[in-house]
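Structure first, commentary second.
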Amino acid sequence: MRPVLEPVYFMTETSPKGLVIAAPHSGSGKTCLTIGLLRALARLGVSLSPAKIGPDYIDPQFHEVAAGGPSVNLDGWAMQGETLASLGRQLASQSELTLIEGVMGLFDGAVKPGVLGHGATADIARVFDLPVVLVVDCAGMGQSVAALVKGFAEFDPSLTLAGVILNKLGSLRHVAMMEDALAQIGVPVLGAVPRFEAMALPSRHLGLVQACETQELDERLNEIADHVAAHVDLEALQRVAGLFGFDGLGAREVRQGIVPLGNHIAVARDEAFGFFYPHLQTGWREAGATLSFFSPLQDEAPDSRADAVYLPGGYPELYGGQLAGNQRFMNGLREAAKHGKRVYGECGGYMVLGQGLIDQQGQRHAMAGLLDLETSFEKRKLHLGYRHVVRSGDGQVFRGHEFHYASVLRQEGEGLYQDVDGEGCYGLVKGRVSGSFVHLIDGG
């Protein structure tokens, strides 16, 4: 990585720029710093486009609230080059500055390469030729920070390290020690952020508590933004942003993406069903599909005019009893299936299509009964990773990911997907009702 010793020019409306906010490892604080930066810059009137690298539904929700505009996911493992190019151009065209939050450590990714690479933050920085700002967790660290940062700066010469933000600092003496060490290797310090209790948002088993469920969210974001703005040089951060480039995407075969489930898709959307990728929503609409939304938690049935029903992932395990008792919703699903409409569930939505769901307290709740599936959260087991699957029947290939703690007690019937590498089957299909624990991201 080639260090930038001098800042580049300020942005203009005709030259949209971007930065990748990365870290050496998970837990460095990059999510809270990113949303703090977004809110602080938005309050200054900067036009912003946020994005999140990797398979993550929750962080983009906070991005959107903090920045006042939608956030998208960018995935170097699961997304085709054309998909990434389209999303990159969308980001570059709609604002002055794009802040892209990384995933895990800068170079961490999948074991097996994907369409573009391993799915690491570095993949996205490389294909868009954007500079990286490294967020360093300084707790328990002194002058060794220089060795750490120097290693990240030199590991990949094709990347540009624009500077670092020191996080979780303990005192002014600690700040001075770190800045002196980094001055010796010529890496700019763009911010030095002390430990701050408010820089920790509530979390649960799949990550942060969703933005829509976080109490007094605006006040929390403003408090984080105040702290970040007091300790990060926001003008310097904007100066080191770089112009978007697209040469790194190259010329690649474009495979079919994820086509709409129908002409009119009824989509479940509330606190229990919130995991629907923005790029899929946009893609389905651009393909001509109409989307209507309904809330299972409010006992709403899918629109009877729809020819397809989509239950995305989320947290139905937290609302098992309520969902089981919402007969307007359950009967609406059964009626849609009875009339031959396509009904598809992902992860949490898949569990709701089953016979029953056992919650963390061991209580079983009857579900829609459209698939022969029993799931349980009484004894949680983590299932995590990218998935490359081929669909039964038509042979369509997809890339996606799995992230859940449910145990499958029974899963009987025809499998929906087969792993491309032959590592197993996923999901069930029965007539026009289907689902799996795999969250689809793109074709390929």
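Residues are referred to by chain and number: the chain letter is A, B, ... according to the order shown in the structure tokens, the number counts from 1 in that chain, and ligands are numbered separately from 1 in the order shown.
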Near segment 132-135 of chain A, counting only C-alpha atoms, which residues have an atom at most 8 Å away, once you skip same-chain residues fewer than 2 positions from it, shown as a list of chain:residue names?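 In the requested form, the answer reads A:Leu19, A:Val20, A:Ile21, A:Ala22, A:Ala23, A:Pro24, A:Ser28, A:Gly29, A:Lys30, A:Ala125, A:Leu130, A:Asp137, A:Leu159, A:Thr160, A:Leu161, A:Ala162, A:Gly163, A:Val164, A:Ile165, A:Leu166, A:Asn167.
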With C-alpha atoms retained, could you export that selection as a PDB file, in the first residue's frame?
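Below is the file again22.pdb, written as the result:
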```
ATOM      1  CA  LEU A  19     -13.010   6.628   0.757  1.00  0.00           C
ATOM      2  CA  VAL A  20     -12.901   3.126   2.176  1.00  0.00           C
ATOM      3  CA  ILE A  21     -13.030   2.980   5.990  1.00  0.00           C
ATOM      4  CA  ALA A  22     -11.136  -0.181   6.952  1.00  0.00           C
ATOM      5  CA  ALA A  23      -9.442  -1.711   9.996  1.00  0.00           C
ATOM      6  CA  PRO A  24      -6.811  -4.319  10.860  1.00  0.00           C
ATOM      7  CA  SER A  28     -11.824  -1.901  15.905  1.00  0.00           C
ATOM      8  CA  GLY A  29     -14.842   0.416  15.996  1.00  0.00           C
ATOM      9  CA  LYS A  30     -15.170   1.181  12.300  1.00  0.00           C
ATOM     10  CA  ALA A 125     -10.769  -0.510  -2.680  1.00  0.00           C
ATOM     11  CA  LEU A 130     -10.191   4.325  -3.855  1.00  0.00           C
ATOM     12  CA  ASP A 137      -7.915   0.055  17.888  1.00  0.00           C
ATOM     13  CA  LEU A 159      -3.645   0.133  -2.622  1.00  0.00           C
ATOM     14  CA  THR A 160      -3.289   3.650  -1.245  1.00  0.00           C
ATOM     15  CA  LEU A 161      -3.266   4.294   2.498  1.00  0.00           C
ATOM     16  CA  ALA A 162      -4.628   7.823   2.879  1.00  0.00           C
ATOM     17  CA  GLY A 163      -4.191   7.951   6.636  1.00  0.00           C
ATOM     18  CA  VAL A 164      -5.287   6.463   9.929  1.00  0.00           C
ATOM     19  CA  ILE A 165      -7.864   7.228  12.576  1.00  0.00           C
ATOM     20  CA  LEU A 166      -6.643   6.193  16.010  1.00  0.00           C
ATOM     21  CA  ASN A 167      -9.498   4.831  18.095  1.00  0.00           C
TER      22      ASN A 167
END
```
Which is closer to Gly393 of chain A than all the others in A:Arg432, A:Thr375, A:Ser407, A:Val228, using only C-alpha atoms? A:Arg432
Figure out the distance between atom CA of Lys52 of chain A and atom CA of Ala236 of chain A, please, to one decimal in Å.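 Here the two named atoms are 22.0 Å from each other.
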Would you mind telling me which residue in A:Leu217, A:Met177, A:Ala287, A:Val46 lies nearest to Val259 of chain A when using only C-alpha atoms?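 Residue with the minimum atom-to-atom distance to Val259 of chain A: A:Ala287.
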Need to verify the contact set: Asp372 of chain A, 8 Å, only C-alpha atoms, exclusion of same-chain residues closer than 3 positions in sequence. Can you return it as a tab-separated table (two decimals) with N, CA and C atoms, in the first residue's frame?
```tsv
chain	number	residue	atom	x	y	z
A	354	GLY	N	-42.24	-23.13	7.42
A	354	GLY	CA	-42.20	-24.49	7.94
A	354	GLY	C	-43.39	-24.83	8.81
A	355	GLN	N	-43.29	-26.01	9.46
A	355	GLN	CA	-44.36	-26.49	10.33
A	355	GLN	C	-44.34	-25.81	11.70
A	369	GLY	N	-46.85	-23.98	7.77
A	369	GLY	CA	-47.07	-25.36	7.38
A	369	GLY	C	-47.01	-25.62	5.89
A	410	ARG	N	-36.02	-31.00	11.53
A	410	ARG	CA	-36.51	-31.84	10.43
A	410	ARG	C	-36.57	-31.01	9.17
A	411	GLN	N	-36.13	-31.58	8.08
A	411	GLN	CA	-36.16	-30.91	6.77
A	411	GLN	C	-36.32	-32.00	5.72
A	412	GLU	N	-37.56	-32.23	5.30
A	412	GLU	CA	-37.86	-33.36	4.43
A	412	GLU	C	-38.54	-32.88	3.16
A	413	GLY	N	-38.09	-33.45	2.03
A	413	GLY	CA	-38.65	-33.08	0.74
A	413	GLY	C	-37.54	-32.80	-0.25
```
Quick one: residues within 7 Å of Ala366 of chain A, only C-alpha atoms, excluding same-chain residues fewer than 3 positions away - as a PyMOL selection string? chain A and resi 324+355-357
What's the 6 Å shell around segment 168-173 of chain A, counting only C-alpha atoms, without same-chain residues fewer than 4 positions away, as a short mmCIF file (atom, residue, chain, number, x, y, z; two decimals) with N, CA and C atoms, in the first residue's frame?
```cif
data_model
loop_
_atom_site.label_atom_id
_atom_site.label_comp_id
_atom_site.auth_asym_id
_atom_site.auth_seq_id
_atom_site.Cartn_x
_atom_site.Cartn_y
_atom_site.Cartn_z
N ASP A 137 -7.55 0.19 16.48
CA ASP A 137 -7.91 0.06 17.89
C ASP A 137 -6.62 0.16 18.70
N CYS A 138 -6.47 1.25 19.42
CA CYS A 138 -5.22 1.54 20.13
C CYS A 138 -5.22 1.07 21.58
N ALA A 139 -6.30 0.46 22.02
CA ALA A 139 -6.35 -0.01 23.40
C ALA A 139 -5.24 -1.04 23.62
N PRO A 194 -10.73 9.38 21.58
CA PRO A 194 -10.67 8.75 22.91
C PRO A 194 -11.80 7.74 23.13
N ARG A 195 -11.58 6.85 24.07
CA ARG A 195 -12.65 5.92 24.45
C ARG A 195 -13.87 6.72 24.88
#
```
Where does DSSP see helix (DSSP H, G or I) in segment 340-388 of chain A, if you list the residues as a PyMOL selection string? chain A and resi 348-352
Have a look at atom CA of Met104 of chain A and atom CA of Leu249 of chain A and let me know their distance in Å, one decimal.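 Separation between atom CA of Met104 of chain A and atom CA of Leu249 of chain A: 22.3 Å.
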With distances taken over only C-alpha atoms, which of A:Leu384, A:Leu190, A:Gly105, A:Gln61 is nearest to Ala229 of chain A?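 Nearest to Ala229 of chain A: A:Leu190.
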